[in-house]
file model03.tsv (TSV, C-alpha atoms)
chain	number	residue	atom	x	y	z
A	94	MET	CA	103.37	75.71	96.99
A	95	LEU	CA	105.71	78.70	96.75
A	96	LEU	CA	104.40	81.75	94.88
A	97	LEU	CA	107.16	83.68	93.08
A	98	PHE	CA	106.44	87.17	91.76
A	99	SER	CA	108.92	88.17	89.08
A	100	GLY	CA	109.40	88.81	85.37
A	101	SER	CA	109.67	86.32	82.55
A	102	TYR	CA	113.32	86.92	81.66
A	103	ASP	CA	114.81	87.04	85.11
A	104	GLY	CA	117.68	84.56	85.23
A	105	THR	CA	117.83	84.67	89.01
A	106	VAL	CA	114.30	83.33	89.26
A	107	ASP	CA	115.01	80.76	86.54
A	108	ARG	CA	117.71	79.38	88.80
A	109	ILE	CA	115.48	79.42	91.86
A	110	VAL	CA	112.72	77.57	90.00
A	111	LEU	CA	115.16	74.98	88.68
A	112	SER	CA	116.69	74.49	92.10
A	113	TYR	CA	113.45	74.56	94.10
A	114	GLY	CA	111.67	71.81	92.21
A	115	ASP	CA	108.11	71.42	91.07
A	116	ASP	CA	106.19	72.87	94.02
A	117	VAL	CA	106.43	76.45	92.82
A	118	PHE	CA	104.24	78.86	90.88
A	119	ARG	CA	105.88	81.75	89.02
A	120	PHE	CA	103.82	84.83	88.22
A	121	ASN	CA	105.55	87.10	85.72
A	122	TYR	CA	104.27	90.65	85.86
A	123	ASP	CA	105.24	91.33	82.26
A	124	LEU	CA	103.07	88.38	81.13
A	125	TRP	CA	100.12	89.20	83.40
A	126	GLN	CA	97.61	88.86	80.55
A	127	GLU	CA	98.49	85.17	80.17
A	128	TYR	CA	97.38	84.20	83.69
A	129	ASP	CA	93.85	83.48	84.88
A	130	LEU	CA	93.31	85.23	88.21
A	131	SER	CA	90.37	85.41	90.54
A	132	PHE	CA	90.47	87.24	93.89
A	133	THR	CA	87.43	87.46	96.12
A	134	GLU	CA	86.95	88.33	99.75
A	135	HIS	CA	87.29	84.61	100.46
A	136	GLY	CA	90.58	84.01	98.67
A	137	TRP	CA	92.28	83.81	95.29
A	138	ILE	CA	93.22	81.45	92.47
A	139	ILE	CA	95.87	81.95	89.80
A	140	ARG	CA	96.38	79.59	86.85
A	141	ASN	CA	99.03	79.72	84.15
A	142	PRO	CA	98.54	78.69	80.51
A	143	ALA	CA	100.11	75.29	81.19
A	144	GLY	CA	97.38	74.50	83.70
A	145	ARG	CA	99.50	74.95	86.83
A	146	GLU	CA	97.44	76.47	89.61
A	147	ILE	CA	98.03	78.06	92.98
A	148	THR	CA	95.34	79.16	95.40
A	149	SER	CA	95.00	80.84	98.75
A	150	GLU	CA	94.49	77.31	100.07
A	151	THR	CA	97.63	75.77	98.54
A	152	VAL	CA	100.12	78.62	98.91
A	153	THR	CA	102.75	77.98	101.58
A	154	GLY	CA	105.13	80.84	100.86
A	155	ALA	CA	105.50	83.96	98.72
A	156	TYR	CA	108.63	85.63	97.42
A	157	TRP	CA	108.80	88.93	95.58
A	158	TRP	CA	111.72	89.39	93.19
A	159	LYS	CA	111.77	92.64	91.24
A	160	ALA	CA	108.49	91.98	89.45
A	161	PHE	CA	107.80	95.63	88.73
A	162	ALA	CA	111.23	96.18	87.24
A	163	PHE	CA	109.91	94.57	84.08
A	164	PHE	CA	108.24	96.32	81.21
A	165	THR	CA	104.73	96.10	79.81
A	166	GLN	CA	103.11	98.06	77.00
A	167	ASP	CA	99.84	98.63	78.83
A	168	ASP	CA	98.10	101.90	79.51
A	169	LYS	CA	99.15	103.57	82.76
A	170	TYR	CA	95.69	102.88	84.19
A	171	VAL	CA	95.95	99.17	83.39
A	172	LYS	CA	99.44	98.90	84.84
A	173	ALA	CA	98.26	100.47	88.06
A	174	GLU	CA	95.32	98.08	88.37
A	175	VAL	CA	97.52	95.03	87.73
A	176	LYS	CA	100.17	96.21	90.15
A	177	TYR	CA	97.59	96.94	92.80
A	178	THR	CA	96.25	93.40	92.45
A	179	LEU	CA	99.68	91.79	92.71
A	180	ARG	CA	100.56	93.89	95.74
A	181	ASP	CA	97.27	92.79	97.25
A	182	VAL	CA	97.98	89.08	96.70
A	183	TYR	CA	101.43	89.56	98.19
A	184	GLY	CA	99.89	91.50	101.09
A	185	TRP	CA	97.44	88.64	101.62
A	186	CYS	CA	100.49	86.39	102.10
A	187	GLN	CA	102.26	88.93	104.31
A	188	VAL	CA	99.46	89.24	106.83
A	189	ARG	CA	99.38	85.44	107.11
A	190	GLY	CA	103.10	85.34	107.81
A	191	ILE	CA	104.05	83.31	104.75
A	192	ALA	CA	105.86	86.01	102.74
A	193	LYS	CA	109.62	85.46	102.60
A	194	GLY	CA	112.22	88.15	102.19
A	195	ASN	CA	111.80	91.88	102.37
A	196	SER	CA	108.73	93.80	101.38
A	197	ILE	CA	108.37	95.44	98.00
A	198	ASP	CA	108.78	98.88	99.50
A	199	TYR	CA	111.31	98.09	102.22
A	200	HIS	CA	113.53	101.06	101.43
A	201	ASN	CA	110.56	103.41	101.28
A	202	LYS	CA	110.14	102.73	104.96
A	203	LEU	CA	113.75	102.31	106.02
A	204	GLY	CA	116.20	104.33	103.97
A	205	LYS	CA	119.94	104.60	103.66
A	206	MET	CA	120.50	107.23	106.35
A	207	THR	CA	118.48	105.44	109.01
A	208	ILE	CA	120.28	102.19	108.20
A	209	LEU	CA	123.65	103.94	108.28
A	210	GLY	CA	122.82	105.26	111.73
A	211	LEU	CA	121.98	101.75	112.93
A	212	ALA	CA	125.09	100.26	111.29
A	213	ARG	CA	127.33	102.68	113.24
A	214	GLU	CA	126.78	100.46	116.26
A	215	TYR	CA	128.64	97.62	114.53
A	216	PHE	CA	130.86	99.06	111.80
A	217	SER	CA	132.82	102.13	110.81
A	218	VAL	CA	130.76	104.33	108.53
A	219	PRO	CA	131.84	107.26	106.34
A	220	ASP	CA	130.85	110.86	107.00
A	221	THR	CA	127.58	111.12	105.14
A	222	LEU	CA	125.09	113.90	104.52
A	223	VAL	CA	121.73	114.19	102.82
A	224	THR	CA	121.02	117.84	102.31
A	225	PHE	CA	118.51	120.24	100.81
A	226	ARG	CA	119.79	123.73	99.98
A	227	LYS	CA	123.30	122.50	100.97
A	228	PHE	CA	122.31	122.84	104.59
A	229	ASN	CA	125.28	121.77	106.76
A	230	ALA	CA	127.33	120.95	103.66
A	231	SER	CA	130.18	123.00	105.05
A	232	ARG	CA	131.02	120.04	107.31
A	233	LEU	CA	132.25	118.19	104.20
A	234	GLU	CA	134.01	121.07	102.48
A	235	GLY	CA	137.72	120.67	102.28
A	236	SER	CA	137.54	116.88	102.15
A	237	GLN	CA	137.16	114.60	99.16
A	238	VAL	CA	133.48	113.91	98.65
A	239	VAL	CA	131.40	111.69	96.38
A	240	ALA	CA	127.81	112.19	95.27
A	241	LYS	CA	125.54	109.15	95.17
A	242	SER	CA	121.90	108.35	94.53
A	243	LEU	CA	119.48	107.51	97.32
A	244	ALA	CA	116.62	106.09	95.30
A	245	SER	CA	118.57	104.68	92.32
A	246	GLU	CA	115.95	106.17	90.05
A	247	LEU	CA	116.82	107.05	86.47
A	248	SER	CA	116.41	110.63	85.32
A	249	ASP	CA	113.86	111.65	82.69
A	250	SER	CA	116.62	111.26	80.12
A	251	LYS	CA	117.41	107.74	81.41
A	252	GLY	CA	120.59	108.77	83.15
A	253	ALA	CA	121.90	107.00	86.24
A	254	LEU	CA	123.98	108.72	88.89
A	255	MET	CA	126.98	106.52	89.57
A	256	THR	CA	129.19	107.32	92.53
A	257	THR	CA	130.96	110.48	91.37
A	258	GLN	CA	133.50	112.73	93.07
A	259	VAL	CA	132.33	116.32	93.49
A	260	ASN	CA	133.60	119.58	94.88
A	261	VAL	CA	131.06	120.58	97.52
A	262	ALA	CA	131.68	124.24	96.81
A	263	GLU	CA	130.51	123.70	93.22
A	264	ILE	CA	127.28	121.79	93.74
A	265	ASP	CA	123.92	123.42	93.03
A	266	PRO	CA	121.96	124.03	96.27
A	267	SER	CA	118.65	123.83	94.44
A	268	PHE	CA	119.00	120.02	94.16
A	269	PRO	CA	118.84	117.34	96.86
A	270	TRP	CA	122.26	115.81	97.47
A	271	TYR	CA	123.48	112.57	99.03
A	272	LEU	CA	127.13	113.17	99.83
A	273	GLN	CA	129.73	110.95	101.42
A	274	SER	CA	133.40	111.21	102.25
A	275	LYS	CA	135.44	109.53	99.56
A	276	ILE	CA	137.18	106.36	100.66
A	277	ASP	CA	140.41	105.40	98.98
A	278	SER	CA	140.13	101.67	98.82
A	279	ALA	CA	141.81	98.64	97.30
A	280	TRP	CA	138.74	96.40	97.49
A	281	ASP	CA	134.98	96.58	97.22
A	282	VAL	CA	133.48	94.08	99.63
A	283	THR	CA	129.93	92.84	99.61
A	284	VAL	CA	128.31	90.38	101.99
A	285	PHE	CA	125.30	88.38	100.89
A	286	PHE	CA	123.19	87.48	103.90
A	287	CYS	CA	120.52	84.79	103.83
A	288	ASN	CA	118.84	82.88	106.60
A	289	GLY	CA	121.53	83.65	109.16
A	290	GLN	CA	124.48	82.90	106.89
A	291	SER	CA	126.97	85.47	105.61
A	292	PHE	CA	128.76	85.09	102.28
A	293	PRO	CA	131.50	87.74	101.94
A	294	PHE	CA	133.06	88.51	98.56
A	295	ARG	CA	135.55	91.10	97.36
A	296	ARG	CA	136.43	92.68	94.05
A	297	SER	CA	139.70	94.45	93.38
A	298	ARG	CA	139.45	98.13	92.56
A	299	ALA	CA	142.75	98.01	90.72
A	300	GLY	CA	142.28	99.17	87.18
A	301	LEU	CA	138.92	100.87	87.74
A	302	SER	CA	138.84	104.08	85.77
A	303	GLY	CA	135.98	105.50	87.83
A	304	LEU	CA	134.77	105.18	91.40
A	305	ASP	CA	131.82	102.86	90.85
A	306	TRP	CA	132.48	99.19	90.08
A	307	ARG	CA	128.95	98.83	88.71
A	308	ALA	CA	129.90	100.91	85.72
A	309	GLU	CA	132.84	98.68	84.86
A	310	GLN	CA	131.63	95.11	84.91
A	311	ASN	CA	132.32	92.43	82.40
A	312	PHE	CA	128.95	91.47	80.96
A	313	GLU	CA	130.13	89.34	78.10
A	314	THR	CA	132.65	86.79	79.20
A	315	LEU	CA	132.97	84.01	81.72
A	316	VAL	CA	134.85	85.92	84.37
A	317	GLU	CA	134.31	85.62	88.10
A	318	GLU	CA	134.88	89.23	89.06
A	319	TRP	CA	134.18	88.64	92.75
A	320	GLU	CA	136.12	86.24	94.92
A	321	PRO	CA	134.98	84.75	98.22
A	322	MET	CA	136.82	85.92	101.30
A	323	ALA	CA	136.91	85.03	104.99
A	324	LEU	CA	135.87	87.66	107.50
A	325	GLY	CA	135.55	85.57	110.64
A	326	ASN	CA	132.91	84.87	113.24
A	327	THR	CA	133.04	88.27	114.91
A	328	PHE	CA	132.23	89.98	111.64
A	329	ALA	CA	129.50	87.44	110.83
A	330	ASN	CA	127.94	88.07	114.22
A	331	LYS	CA	127.89	91.78	113.55
A	332	ILE	CA	126.11	91.15	110.27
A	333	LEU	CA	123.66	88.89	112.06
A	334	ASN	CA	123.02	91.43	114.82
A	335	LEU	CA	122.51	94.28	112.36
A	336	SER	CA	120.19	92.07	110.32
A	337	ASN	CA	118.17	91.35	113.42
A	338	LYS	CA	117.97	95.05	114.15
A	339	LEU	CA	116.81	95.72	110.59
A	340	GLY	CA	114.36	92.83	110.81
A	341	VAL	CA	115.72	91.06	107.74
A	342	GLU	CA	116.60	87.48	106.85
A	343	PHE	CA	117.97	88.38	103.43
A	344	GLY	CA	119.94	91.15	101.78
A	345	ARG	CA	123.35	92.37	100.68
A	346	TYR	CA	125.68	94.58	102.67
A	347	ASP	CA	128.23	96.73	100.86
A	348	PHE	CA	131.58	97.73	102.32
A	349	MET	CA	134.93	99.07	101.16
A	350	THR	CA	138.35	98.42	102.59
A	351	VAL	CA	140.30	101.37	103.94
A	352	GLY	CA	143.21	101.71	101.58
A	353	ASP	CA	144.91	98.35	101.25
A	354	THR	CA	144.23	97.39	104.87
A	355	ASP	CA	141.71	94.80	106.03
A	356	ASP	CA	139.65	97.46	107.81
A	357	LEU	CA	136.14	97.76	106.43
A	358	VAL	CA	133.80	100.72	106.13
A	359	PHE	CA	130.07	100.05	105.87
A	360	LEU	CA	128.40	101.71	102.91
A	361	GLU	CA	124.84	100.47	102.57
A	362	PHE	CA	122.34	97.65	102.81
A	363	ASN	CA	120.37	96.46	99.79
A	364	ALA	CA	117.19	94.79	101.01
A	365	ASN	CA	116.62	93.02	97.73
A	366	GLY	CA	120.15	93.07	96.43
A	367	GLN	CA	121.20	90.98	93.48
A	368	TRP	CA	123.38	88.03	94.42
A	369	VAL	CA	123.75	85.60	91.50
A	370	PHE	CA	126.59	87.68	90.05
A	371	LEU	CA	128.64	86.77	93.11
A	372	ASP	CA	128.37	83.04	92.47
A	373	PRO	CA	127.55	82.59	88.79
A	374	PHE	CA	128.73	78.99	88.69
A	375	ASP	CA	127.06	77.91	91.94
A	376	LYS	CA	130.40	77.13	93.54
A	377	HIS	CA	129.87	78.87	96.85
A	378	GLY	CA	126.44	77.73	97.93
A	379	LEU	CA	124.38	80.90	97.51
A	380	LEU	CA	121.65	79.32	95.40
A	381	ASP	CA	121.33	76.35	97.77
A	382	CYS	CA	121.10	78.72	100.71
A	383	VAL	CA	118.34	80.77	99.06
A	384	THR	CA	116.43	77.65	97.99
A	385	ASN	CA	116.60	76.11	101.45
A	386	TRP	CA	115.54	79.39	103.00
A	387	LEU	CA	112.54	79.65	100.69
A	388	ARG	CA	111.59	76.08	101.61
A	389	SER	CA	111.81	76.81	105.33
A	390	ALA	CA	108.67	77.69	107.23
B	246	MET	CA	132.25	138.67	85.29
B	247	SER	CA	130.95	135.29	84.11
B	248	ALA	CA	128.49	133.31	86.23
B	249	VAL	CA	129.79	130.11	87.83
B	250	LEU	CA	128.07	127.01	86.49
B	251	LEU	CA	127.03	124.90	89.45
B	252	ILE	CA	126.98	121.11	89.22
B	253	THR	CA	123.67	119.27	89.42
B	254	PRO	CA	123.01	115.55	89.89
B	255	LEU	CA	121.42	115.48	86.44
B	256	MET	CA	124.65	116.75	84.92
B	257	LEU	CA	126.56	113.93	86.61
B	258	ALA	CA	124.15	111.19	85.52
B	259	THR	CA	125.35	108.96	82.73
B	260	ALA	CA	123.43	106.70	80.38
B	261	ALA	CA	122.70	103.26	81.75
B	262	PRO	CA	124.20	100.50	79.61
B	263	THR	CA	121.80	98.81	77.21
B	264	PHE	CA	122.07	95.57	75.32
B	265	ASP	CA	120.29	94.78	72.11
B	266	ILE	CA	119.49	91.11	71.93
B	267	GLN	CA	116.45	89.01	71.31
B	268	ALA	CA	114.24	88.38	74.35
B	269	PRO	CA	114.37	84.76	75.49
B	270	VAL	CA	111.26	82.63	75.03
B	271	TYR	CA	109.50	81.84	78.29
B	272	SER	CA	107.94	78.43	78.93
B	273	HIS	CA	104.90	78.29	81.22
B	274	ALA	CA	105.36	74.52	81.39
B	275	THR	CA	108.80	74.73	82.98
B	276	GLN	CA	108.32	78.28	84.36
B	277	THR	CA	111.77	79.22	83.10
B	278	THR	CA	113.36	80.45	79.92
B	279	ALA	CA	112.60	77.70	77.43
B	280	GLY	CA	115.25	75.00	77.59
B	281	ALA	CA	117.05	76.47	80.58
B	282	THR	CA	118.79	74.09	82.94
B	283	LEU	CA	120.89	74.72	86.00
B	284	ALA	CA	123.86	73.16	84.25
B	285	GLN	CA	123.42	75.59	81.38
B	286	TYR	CA	123.33	78.55	83.74
B	287	GLN	CA	126.42	77.28	85.49
B	288	THR	CA	128.39	77.13	82.26
B	289	MET	CA	126.92	79.87	80.09
B	290	TYR	CA	126.69	82.75	82.49
B	291	CYS	CA	126.11	86.09	80.82
B	292	SER	CA	125.03	84.57	77.53
B	293	THR	CA	122.06	86.90	77.70
B	294	THR	CA	122.04	90.40	79.03
B	295	THR	CA	119.37	92.92	78.35
B	296	THR	CA	117.40	95.87	79.52
B	297	PHE	CA	114.73	95.27	76.88
B	298	ASN	CA	114.19	98.97	76.42
B	299	GLY	CA	112.83	99.24	79.89
B	300	THR	CA	114.47	101.00	82.77
B	301	GLN	CA	115.57	97.77	84.33
B	302	THR	CA	118.98	98.32	85.79
B	303	PHE	CA	120.23	94.79	86.11
B	304	THR	CA	120.82	92.04	83.61
B	305	ALA	CA	118.80	88.90	83.17
B	306	SER	CA	121.65	87.17	84.95
B	307	GLY	CA	121.41	89.53	87.87
B	308	LYS	CA	124.30	91.91	87.40
B	309	PRO	CA	123.45	95.35	88.78
B	310	PHE	CA	124.08	98.52	86.77
B	311	ASP	CA	123.39	101.71	88.65
B	312	SER	CA	124.24	103.01	92.07
B	313	ASP	CA	122.71	100.13	93.86
B	314	SER	CA	120.32	99.12	91.16
B	315	ASP	CA	118.18	97.10	93.43
B	316	SER	CA	115.08	99.21	93.60
B	317	ASP	CA	111.99	97.11	93.31
B	318	GLN	CA	109.81	99.86	92.03
B	319	GLN	CA	111.60	100.95	88.91
B	320	GLY	CA	110.68	99.66	85.50
B	321	ASP	CA	107.62	101.17	83.95
B	322	CYS	CA	105.95	102.36	87.14
call {"tool": "encode", "arguments": {"input": "model03.tsv", "output": "structure tokens"}}
result
Amino acid sequence: MLLLFSGSYDGTVDRIVLSYGDDVFRFNYDLWQEYDLSFTEHGWIIRNPAGREITSETVTGAYWWKAFAFFTQDDKYVKAEVKYTLRDVYGWCQVRGIAKGNSIDYHNKLGKMTILGLAREYFSVPDTLVTFRKFNASRLEGSQVVAKSLASELSDSKGALMTTQVNVAEIDPSFPWYLQSKIDSAWDVTVFFCNGQSFPFRRSRAGLSGLDWRAEQNFETLVEEWEPMALGNTFANKILNLSNKLGVEFGRYDFMTVGDTDDLVFLEFNANGQWVFLDPFDKHGLLDCVTNWLRSA
Amino acid sequence: MSAVLLITPLMLATAAPTFDIQAPVYSHATQTTAGATLAQYQTMYCSTTTTFNGTQTFTASGKPFDSDSDSDQQGDC
């Protein structure tokens, strides 16, 4: 039985459950109080209110999908205890080699700059700099530069740093900065990778008022904003080779085209990147690929 | 002479979009949003989007909001 860690209103996991079939147990972090759980040095049992049960004897796979991105009203102490327990159950699966996908803290161990350095072997990458006290920032002065977020954390006032053009001469050296040469581009390109297969999609940048497509999505209507594209076997092999180097079977690679050419510049790898938005109507096989991958040993 | 105001990342940050809708009802029997079917998802995409007052930065349908929005350790941690 597959153990899914998630949250109760995650539509991605709804789809996986519906596609996977009955041999799955979903643990929703935000509903943790509704599950019976027992974990001893010999193993564990979890039971949901409907009587469905999974144990350390019956589990065959475990998949973590953004469980801690969901909200509970518990005391900080309680949250920490619950999270510790869930990490421990997932860790139990990891050490037995049955966890699928990338670890909860993948990017804490392998961050954007290290990945960018590895990606250089296969793809063009933009001039990029992470700097404290603006050390070495002069190398970017005089060129068009964007500021981005490394950790994607919200600020205390719930603000998110979207990709934003900055003048390097005007940035405050008392803050950490993640800076990158601005790429004038006609298309955002993203490649969903799962179980050895690449699924490339592109989204036109025409009409974007800002630099970051994530700020200008259509959340309300039935619009396929991304279209599938062909990138060929050579490109797919590069994705496969980089994935092998990163030790991943799953993730999403972001690129941009250079101007209106077909040349691509690698931007980043998202170890647990969202993917349903690329194929909302299940026309391109992403859900089947993920389901089959989760079923595979 | 007036001091030059330097730019900080906090000054550049903008509010993440929020959506105010009713949370879907979860069914432990089906382990999905109550009544959900694949056919429904395939035809009613984006019928629900929410951040539920948390710091979740993607919608229930999996659309990302912020710079890469795929951190697994956000939310209320």
call {"tool": "atom_distance", "arguments": {"input": "model03.tsv", "atom1": "atom CA of A:Gly154", "atom2": "atom CA of A:Trp125"}}
result
20.0 Å
call {"tool": "residues_around", "arguments": {"input": "model03.tsv", "residues": "A:Leu339", "least_positions_apart": "4", "cutoff": "9 Å", "atoms": "only C-alpha atoms", "output": "list in words"}}
result
Leu203, Ile208, Leu211, Asn334 and Leu335 of chain A
call {"tool": "residues_near_point", "arguments": {"input": "model03.tsv", "point": "(140.2, 97.0, 95.7)", "cutoff": "6 Å", "atoms": "all atoms listed in the file", "output": "ChimeraX atom specification"}}
result
/A:278-281,296-299
call {"tool": "write_last_selection", "arguments": {"input": "model03.tsv", "atoms": "C-alpha atoms", "output": "PDB file, keeping the file's coordinate frame"}}
result
ATOM      1  CA  SER A 278     140.130 101.670  98.820  1.00  0.00           C
ATOM      2  CA  ALA A 279     141.810  98.640  97.300  1.00  0.00           C
ATOM      3  CA  TRP A 280     138.740  96.400  97.490  1.00  0.00           C
ATOM      4  CA  ASP A 281     134.980  96.580  97.220  1.00  0.00           C
ATOM      5  CA  ARG A 296     136.430  92.680  94.050  1.00  0.00           C
ATOM      6  CA  SER A 297     139.700  94.450  93.380  1.00  0.00           C
ATOM      7  CA  ARG A 298     139.450  98.130  92.560  1.00  0.00           C
ATOM      8  CA  ALA A 299     142.750  98.010  90.720  1.00  0.00           C
TER       9      ALA A 299
END
call {"tool": "atom_distance", "arguments": {"input": "model03.tsv", "atom1": "atom CA of B:Gln276", "atom2": "atom CA of A:Arg119"}}
result
6.3 Å
call {"tool": "residues_near_point", "arguments": {"input": "model03.tsv", "point": "(125.6, 111.0, 88.1)", "cutoff": "7 Å", "atoms": "all atoms listed in the file", "output": "ChimeraX atom specification"}}
result
/A:253-257 /B:254-259
call {"tool": "closest_residue", "arguments": {"input": "model03.tsv", "among": "A:Arg213, A:Arg226, A:His200, A:Arg388", "to": "A:Asn363", "atoms": "only C-alpha atoms"}}
result
A:His200
call {"tool": "atom_distance", "arguments": {"input": "model03.tsv", "atom1": "atom CA of A:Leu333", "atom2": "atom CA of A:Gly194"}}
result
15.1 Å
call {"tool": "closest_residue", "arguments": {"input": "model03.tsv", "among": "A:Val261, A:Ala160, A:Ala192, A:Ile138", "to": "A:Ser389", "atoms": "only C-alpha atoms"}}
result
A:Ala192
call {"tool": "residues_around", "arguments": {"input": "model03.tsv", "residues": "A:Ser242", "least_positions_apart": "2", "cutoff": "12 Å", "atoms": "all atoms listed in the file", "output": "ChimeraX atom specification"}}
result
/A:204-206,222-223,239-240,244-248,252-257,269-273,305,361 /B:254-255,257-258,311-316
call {"tool": "axis_aligned_box", "arguments": {"input": "model03.tsv", "around": "stretch 142-159 of chain A", "padding_each_side": "5 Å", "output": "lines of an AutoDock Vina configuration file"}}
result
center_x = 103.1
center_y = 83.6
center_z = 91.0
size_x = 27.3
size_y = 28.1
size_z = 31.1
